[in-house]
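File shown here: start_13.tsv, holding TSV, C-alpha atoms.
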```
chain	number	residue	atom	x	y	z
W	1	MET	CA	12.48	10.81	17.34
W	2	PHE	CA	11.82	7.10	17.85
W	3	ILE	CA	10.83	5.03	14.81
W	4	GLN	CA	9.25	1.64	15.45
W	5	THR	CA	9.49	-1.18	12.93
W	6	GLU	CA	7.14	-4.10	12.38
W	7	SER	CA	7.48	-7.14	10.21
W	8	THR	CA	4.79	-7.77	7.60
W	9	PRO	CA	3.45	-11.01	6.10
W	10	ASN	CA	5.71	-10.23	3.14
W	11	PRO	CA	9.30	-11.10	4.16
W	12	ALA	CA	10.66	-8.61	1.59
W	13	THR	CA	8.76	-5.69	3.17
W	14	LEU	CA	9.22	-3.94	6.50
W	15	LYS	CA	6.83	-1.43	8.08
W	16	PHE	CA	8.23	1.75	9.71
W	17	LEU	CA	6.15	3.79	12.17
W	18	PRO	CA	7.69	7.27	12.67
W	19	GLY	CA	5.24	8.20	15.46
W	20	GLN	CA	3.62	10.96	13.45
W	21	ASN	CA	1.47	11.37	10.35
W	22	VAL	CA	3.11	10.41	7.10
W	23	LEU	CA	0.11	11.47	4.97
W	24	ASP	CA	-2.95	13.48	5.95
W	25	ALA	CA	-5.22	11.30	3.80
W	26	GLY	CA	-5.06	8.47	1.31
W	27	THR	CA	-2.00	6.49	0.31
W	28	ALA	CA	0.98	6.89	-1.99
W	29	ASP	CA	2.65	4.01	-3.81
W	30	PHE	CA	6.12	4.17	-5.37
W	31	PRO	CA	6.75	0.83	-7.08
W	32	SER	CA	10.09	2.07	-8.47
W	33	ALA	CA	12.67	4.82	-7.95
W	34	ASP	CA	11.43	6.50	-11.15
W	35	ALA	CA	8.02	7.01	-9.51
W	36	ALA	CA	9.50	8.74	-6.44
W	37	GLY	CA	10.05	12.15	-8.05
W	38	GLN	CA	7.11	13.71	-6.21
W	39	SER	CA	8.29	12.65	-2.76
W	40	PRO	CA	11.51	13.77	-1.07
W	41	LEU	CA	11.07	11.00	1.53
W	42	ALA	CA	10.63	8.28	-1.11
W	43	GLN	CA	13.70	9.58	-2.95
W	44	ARG	CA	15.78	9.28	0.26
W	45	LEU	CA	14.59	5.72	0.80
W	46	PHE	CA	15.32	4.65	-2.78
W	47	ALA	CA	18.85	5.99	-2.34
W	48	VAL	CA	19.46	3.06	0.05
W	49	ASN	CA	20.98	0.10	-1.80
W	50	GLY	CA	18.51	-2.75	-2.34
W	51	VAL	CA	15.23	-0.79	-2.01
W	52	THR	CA	12.72	-1.75	-4.73
W	53	GLY	CA	9.48	-0.20	-3.47
W	54	VAL	CA	8.11	2.41	-1.05
W	55	PHE	CA	4.53	2.84	0.15
W	56	PHE	CA	3.02	5.51	2.45
W	57	GLY	CA	-0.08	5.13	4.60
W	58	LEU	CA	-1.51	7.60	7.10
W	59	ASP	CA	1.00	6.83	9.84
W	60	PHE	CA	3.42	4.34	8.31
W	61	VAL	CA	6.00	3.77	5.60
W	62	THR	CA	6.62	0.34	4.12
W	63	VAL	CA	9.81	-0.45	2.27
W	64	THR	CA	10.36	-3.44	0.00
W	65	LYS	CA	13.87	-4.74	-0.67
W	66	THR	CA	15.54	-7.17	-3.05
W	67	ASP	CA	15.98	-10.76	-1.89
W	68	ASP	CA	19.78	-10.57	-2.02
W	69	VAL	CA	19.96	-7.82	0.66
W	70	GLU	CA	19.48	-8.64	4.34
W	71	TRP	CA	17.31	-6.45	6.60
W	72	ASP	CA	20.14	-6.29	9.11
W	73	HIS	CA	22.21	-4.43	6.50
W	74	VAL	CA	19.61	-1.96	5.16
W	75	LYS	CA	17.39	-1.30	8.19
W	76	PRO	CA	19.83	1.13	9.91
W	77	ALA	CA	20.20	3.16	6.69
W	78	LEU	CA	16.42	3.28	6.23
W	79	LEU	CA	15.87	4.42	9.82
W	80	GLY	CA	18.49	7.11	9.26
W	81	ALA	CA	16.86	8.25	6.01
W	82	ILE	CA	13.44	8.56	7.65
W	83	MET	CA	14.88	10.44	10.63
W	84	GLU	CA	16.89	12.80	8.38
W	85	HIS	CA	13.80	13.52	6.33
W	86	TYR	CA	11.65	14.51	9.31
W	87	GLN	CA	14.47	16.61	10.78
W	88	SER	CA	14.93	18.42	7.45
W	89	GLY	CA	11.45	19.92	7.57
W	90	GLN	CA	10.76	18.90	3.96
W	91	PRO	CA	7.25	17.72	3.08
W	92	VAL	CA	6.62	14.02	2.47
W	93	MET	CA	4.98	14.91	-0.86
W	94	SER	CA	6.19	17.91	-2.85
W	95	GLY	CA	4.23	20.46	-4.84
W	96	ASP	CA	0.53	19.97	-5.47
W	97	THR	CA	0.77	16.19	-5.44
W	98	GLN	CA	-2.17	14.71	-3.61
W	99	PRO	CA	-2.26	11.17	-2.25
W	100	SER	CA	-4.99	9.10	-3.85
W	101	SER	CA	-8.03	7.49	-2.29
W	102	GLY	CA	-6.84	4.55	-4.32
W	103	HIS	CA	-10.09	3.44	-5.89
W	104	ALA	CA	-10.55	3.62	-9.65
W	105	GLU	CA	-13.58	5.49	-10.92
W	106	HIS	CA	-16.37	3.37	-12.33
W	107	THR	CA	-19.16	4.53	-14.59
W	108	GLY	CA	-21.92	2.35	-15.90
W	109	GLU	CA	-24.89	0.27	-14.95
W	110	ASP	CA	-23.12	-1.48	-12.05
W	111	GLY	CA	-22.65	1.76	-10.11
W	112	GLU	CA	-24.62	0.65	-7.05
W	113	ILE	CA	-22.76	-2.68	-6.85
W	114	VAL	CA	-19.40	-0.90	-7.23
W	115	ASN	CA	-20.32	1.52	-4.45
W	116	GLN	CA	-21.10	-1.45	-2.18
W	117	ILE	CA	-17.77	-3.09	-3.11
W	118	LYS	CA	-15.83	0.11	-2.34
W	119	GLU	CA	-17.70	0.56	0.96
W	120	LEU	CA	-16.81	-2.99	2.07
W	121	LEU	CA	-13.20	-2.52	1.01
W	122	ASP	CA	-12.95	0.77	2.94
W	123	THR	CA	-14.62	-0.48	6.12
W	124	ARG	CA	-13.59	-4.14	6.34
W	125	VAL	CA	-10.53	-4.81	4.19
W	126	ARG	CA	-8.31	-1.73	3.96
W	127	PRO	CA	-7.97	-1.14	7.73
W	128	ALA	CA	-6.83	-4.75	8.18
W	129	VAL	CA	-4.26	-4.70	5.37
W	130	ALA	CA	-3.00	-1.28	6.52
W	131	GLN	CA	-1.99	-2.98	9.78
W	132	ASP	CA	0.19	-5.26	7.64
W	133	GLY	CA	1.74	-2.27	5.83
W	134	GLY	CA	-0.20	-2.37	2.58
W	135	ASP	CA	-3.36	-1.42	0.77
W	136	ILE	CA	-5.86	-3.04	-1.57
W	137	THR	CA	-7.89	-0.81	-3.86
W	138	PHE	CA	-10.74	-1.25	-6.32
W	139	HIS	CA	-9.63	-1.40	-9.95
W	140	GLY	CA	-12.71	-2.62	-11.81
W	141	PHE	CA	-15.83	-4.77	-11.90
W	142	GLU	CA	-16.88	-6.72	-14.94
W	143	ARG	CA	-19.34	-9.63	-15.30
W	144	GLY	CA	-19.16	-10.59	-11.63
W	145	VAL	CA	-15.37	-10.32	-11.35
W	146	VAL	CA	-13.86	-7.72	-9.00
W	147	TYR	CA	-10.37	-6.57	-9.96
W	148	LEU	CA	-8.23	-5.30	-7.08
W	149	HIS	CA	-4.83	-3.58	-7.01
W	150	MET	CA	-2.45	-4.62	-4.24
W	151	GLN	CA	0.11	-2.11	-2.92
W	152	GLY	CA	2.84	-1.85	-0.31
W	153	ALA	CA	3.43	-5.03	1.66
W	154	CYS	CA	0.50	-6.71	-0.15
W	155	ALA	CA	2.18	-6.49	-3.56
W	156	GLY	CA	4.20	-9.64	-4.07
W	157	CYS	CA	3.32	-11.08	-0.67
W	158	PRO	CA	3.35	-14.88	-0.60
W	159	SER	CA	0.02	-14.95	1.27
W	160	SER	CA	-1.72	-12.38	-0.95
W	161	THR	CA	-3.46	-14.98	-3.13
W	162	LEU	CA	-4.88	-16.64	-0.03
W	163	THR	CA	-5.97	-13.24	1.34
W	164	LEU	CA	-7.71	-12.42	-1.94
W	165	LYS	CA	-9.43	-15.76	-2.45
W	166	MET	CA	-10.27	-16.91	1.05
W	167	GLY	CA	-10.73	-13.53	2.71
W	168	ILE	CA	-11.80	-10.77	0.39
W	169	GLU	CA	-13.60	-12.91	-2.20
W	170	ASN	CA	-15.63	-14.69	0.49
W	171	LEU	CA	-16.48	-11.38	2.18
W	172	LEU	CA	-17.62	-9.70	-1.05
W	173	ARG	CA	-19.59	-12.76	-2.22
W	174	HIS	CA	-21.34	-12.95	1.16
W	175	TYR	CA	-22.57	-9.36	1.08
W	176	ILE	CA	-22.90	-8.83	-2.68
W	177	PRO	CA	-24.41	-11.84	-4.56
W	178	GLU	CA	-23.43	-10.32	-7.93
W	179	VAL	CA	-19.74	-10.87	-7.11
W	180	THR	CA	-18.49	-14.26	-8.34
W	181	GLU	CA	-14.71	-13.87	-8.19
W	182	VAL	CA	-11.87	-11.56	-7.11
W	183	ARG	CA	-8.68	-11.19	-9.17
W	184	PRO	CA	-5.52	-9.12	-8.65
W	185	VAL	CA	-4.27	-6.68	-11.29
W	186	ALA	CA	-0.76	-5.36	-11.90
W	187	ALA	CA	-0.09	-1.65	-11.54
```

What does the file become when written as structure tokens?
Amino acid sequence: MFIQTESTPNPATLKFLPGQNVLDAGTADFPSADAAGQSPLAQRLFAVNGVTGVFFGLDFVTVTKTDDVEWDHVKPALLGAIMEHYQSGQPVMSGDTQPSSGHAEHTGEDGEIVNQIKELLDTRVRPAVAQDGGDITFHGFERGVVYLHMQGACAGCPSSTLTLKMGIENLLRHYIPEVTEVRPVAA
């Protein structure tokens, strides 16, 4: 098994490509070791000293580390943990746990606008940020403001504010006149 690694725009996050599917659909975000109970792979990764976050996409794993740990010191252990997991035959997600589509449900009079927002996120935004090892999902829409949740490499990335304001906000405002602003939300 050969696992490729790629840097991300977030210097604290590294993207691992195991060369096979990680998830069949959706994404899974583990912002802390406490959240990793449903994933044997996430548990293995959190066992490596300095790991603060794990995120799964369809064909990648992103790992976020503390600033006081160097990639040169933790990368070999993370590669070993991923390889051990796939050789063990264990599932990535245990039990009936299903990865999420990510988007929050929205009920109300703005349903058509929200559907347009989600469609643009799914077709234009999410594929691009997945290449950087992260995900951005719809959280809410209220009085012209779109609230988005940033995960994986996007969470805490120094360029995330620029991505939100200059990229996503401009895109949504161009196609959906009702959108006036985009704001990030915490998990």

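For the set W:Gly134, W:Leu41, W:Asp72, W:Val185, the residue with the smallest atom-to-atom gap to W:Ala153 is W:Gly134, counting all atoms listed in the file.
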
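Of the residues under consideration (W:Leu45, W:Val114, W:Ala35, W:Val74), W:Leu45 shows the shortest atom-to-atom contact distance to W:Val61 when counting all atoms listed in the file.
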
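Comparing the minimum interatomic distances between W:Pro18 and each of W:Ser32, W:Gln38, W:Tyr86, W:Gly53, counting all atoms listed in the file, we find that W:Tyr86 sits nearest.
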
### Query
Which residues, written as a PyMOL selection string, have at least one atom at most 12 Å from stretch 89-91 of chain W, with all atoms listed in the file counted and residues fewer than 3 positions away on the same chain left out?
chain W and resi 21-24+38-44+82-86+94-98

### Task
Go through W:Thr62, W:Thr180, W:Thr13, W:Gln87 and flag the residue nearest W:Gly144, using all atoms listed in the file for the distances.
W:Thr180

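Shortest atom-to-atom contact with W:Glu142 among W:Glu178, W:Glu70, W:Glu6, W:Glu169: W:Glu178, counting all atoms listed in the file.
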
### Task
Just the residues within 7 Å of W:Gly50, please, counting all atoms listed in the file, with nothing from its chain fewer than 3 positions along; format it as a PyMOL selection string.
chain W and resi 65-66+69

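Between atom CA of W:Lys118 and atom CA of W:Thr27 lies a distance of 15.5 Å.
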